Amino acid sequence: MEARFEAAFLKALKKHASIKKLVKRKVDMIIENPIAIGEPLKGNWRGFYSCPVKRNFIIIYLYCEVCRKKGDNAVVACSDCQDTPDNTIKFVLLGPHDDAYGI
Ligand SMILES: [Zn+2]
């Protein structure tokens with residue numbers, strides 16, 4: 001599994017440094033089993049997955065194998081999907097539930 005971290009994710013991680021360990025543990029779990037642990041999002045976020053870190057605090061990510069199966073890469077902002085291996089996970093965003101959806 002190949003993990004990539006988007007700039008927005010890293011920036012958010014800096015901002016929420018107090019829960020860095022929690023996030024790291026969750027990231028490892030997602031890398032191990034991205035589909036089982038995450039919840040597919042709908043609407044504007046179709047194709048993305050979310051996974052709670054703690055109450056009301058989520059990680060949003062993409063799993064390229066799934067982008068392709070669903071044909072979501074046409075809709076989803078998975079910019080370089082064509083160039084990534086199937087087993088790529090992109091960590092897109094991290095934050096309080098409402099903030100994360102509000103971008
Ligand atoms: Zn993709």
# chains A, B, ... in the order shown; residues from 1 in each chain; ligands from 1

call {"tool": "select_by_dssp", "arguments": {"residues": "segment 6-91 of chain A", "states": "helix (DSSP H, G or I)", "output": "ChimeraX atom specification"}}
result
/A:7-15,17-32,34-37,43-45,64-69,72-74,81-83

call {"tool": "closest_atom_pairs", "arguments": {"of": "chain A", "to": "ligand 1", "cutoff": "6 Å", "atoms": "only C-alpha atoms and all ligand atoms", "output": "Markdown table"}}
result
| residue | atom | partner | partner_atom_place_in_ligand_line | distance |
| --- | --- | --- | --- | --- |
| A:Tyr63 | CA | ligand 1 | 1 (Zn) | 5.9 |
| A:Cys64 | CA | ligand 1 | 1 (Zn) | 3.5 |
| A:Cys67 | CA | ligand 1 | 1 (Zn) | 4.9 |
| A:Asn73 | CA | ligand 1 | 1 (Zn) | 5.9 |
| A:Cys78 | CA | ligand 1 | 1 (Zn) | 4.7 |
| A:Cys81 | CA | ligand 1 | 1 (Zn) | 4.0 |

call {"tool": "atom_distance", "arguments": {"atom1": "atom CA of Arg46 of chain A", "atom2": "atom CA of Val92 of chain A"}}
result
13.5 Å

call {"tool": "closest_residue", "arguments": {"among": "A:Asp28, A:Asp98, A:Glu39, A:Asp83", "to": "Arg55 of chain A", "atoms": "only C-alpha atoms"}}
result
A:Asp98

call {"tool": "select_by_dssp", "arguments": {"residues": "chain A", "states": "strand (DSSP E)", "output": "ChimeraX atom specification"}}
result
/A:2-5,39-40,49-54,57-63,88-96

call {"tool": "closest_residue", "arguments": {"among": "A:Ser18, A:Asn56, A:Ser50, A:Gln82", "to": "Pro34 of chain A", "atoms": "only C-alpha atoms"}}
result
A:Ser50

call {"tool": "closest_atom_pairs", "arguments": {"of": "segment 29-68 of chain A", "to": "segment 6-9 of chain A", "cutoff": "12 Å", "atoms": "only C-alpha atoms", "output": "CSV"}}
result
residue,atom,partner,partner_atom,distance
A:Ile58,CA,A:Phe9,CA,11.1
A:Ile59,CA,A:Phe9,CA,8.5
A:Ile60,CA,A:Phe9,CA,8.7
A:Tyr61,CA,A:Phe9,CA,9.4
A:Leu62,CA,A:Glu6,CA,10.7

call {"tool": "residues_around", "arguments": {"residues": "Asn87 of chain A", "least_positions_apart": "3", "cutoff": "7 Å", "atoms": "only C-alpha atoms", "output": "ChimeraX atom specification"}}
result
/A:1-2,64-65

call {"tool": "closest_residue", "arguments": {"among": "A:Lys90, A:Lys26, A:Lys70, A:Lys42", "to": "Phe5 of chain A", "atoms": "only C-alpha atoms"}}
result
A:Lys90

call {"tool": "closest_residue", "arguments": {"among": "A:Pro52, A:Pro96, A:Gly38, A:Gly47", "to": "Val66 of chain A", "atoms": "only C-alpha atoms"}}
result
A:Gly47

call {"tool": "closest_residue", "arguments": {"among": "A:Ile89, A:Arg25, A:Arg4, A:His97", "to": "Phe48 of chain A", "atoms": "only C-alpha atoms"}}
result
A:Ile89

call {"tool": "atom_distance", "arguments": {"atom1": "atom CA of Asn33 of chain A", "atom2": "atom CA of Lys69 of chain A"}}
result
16.8 Å
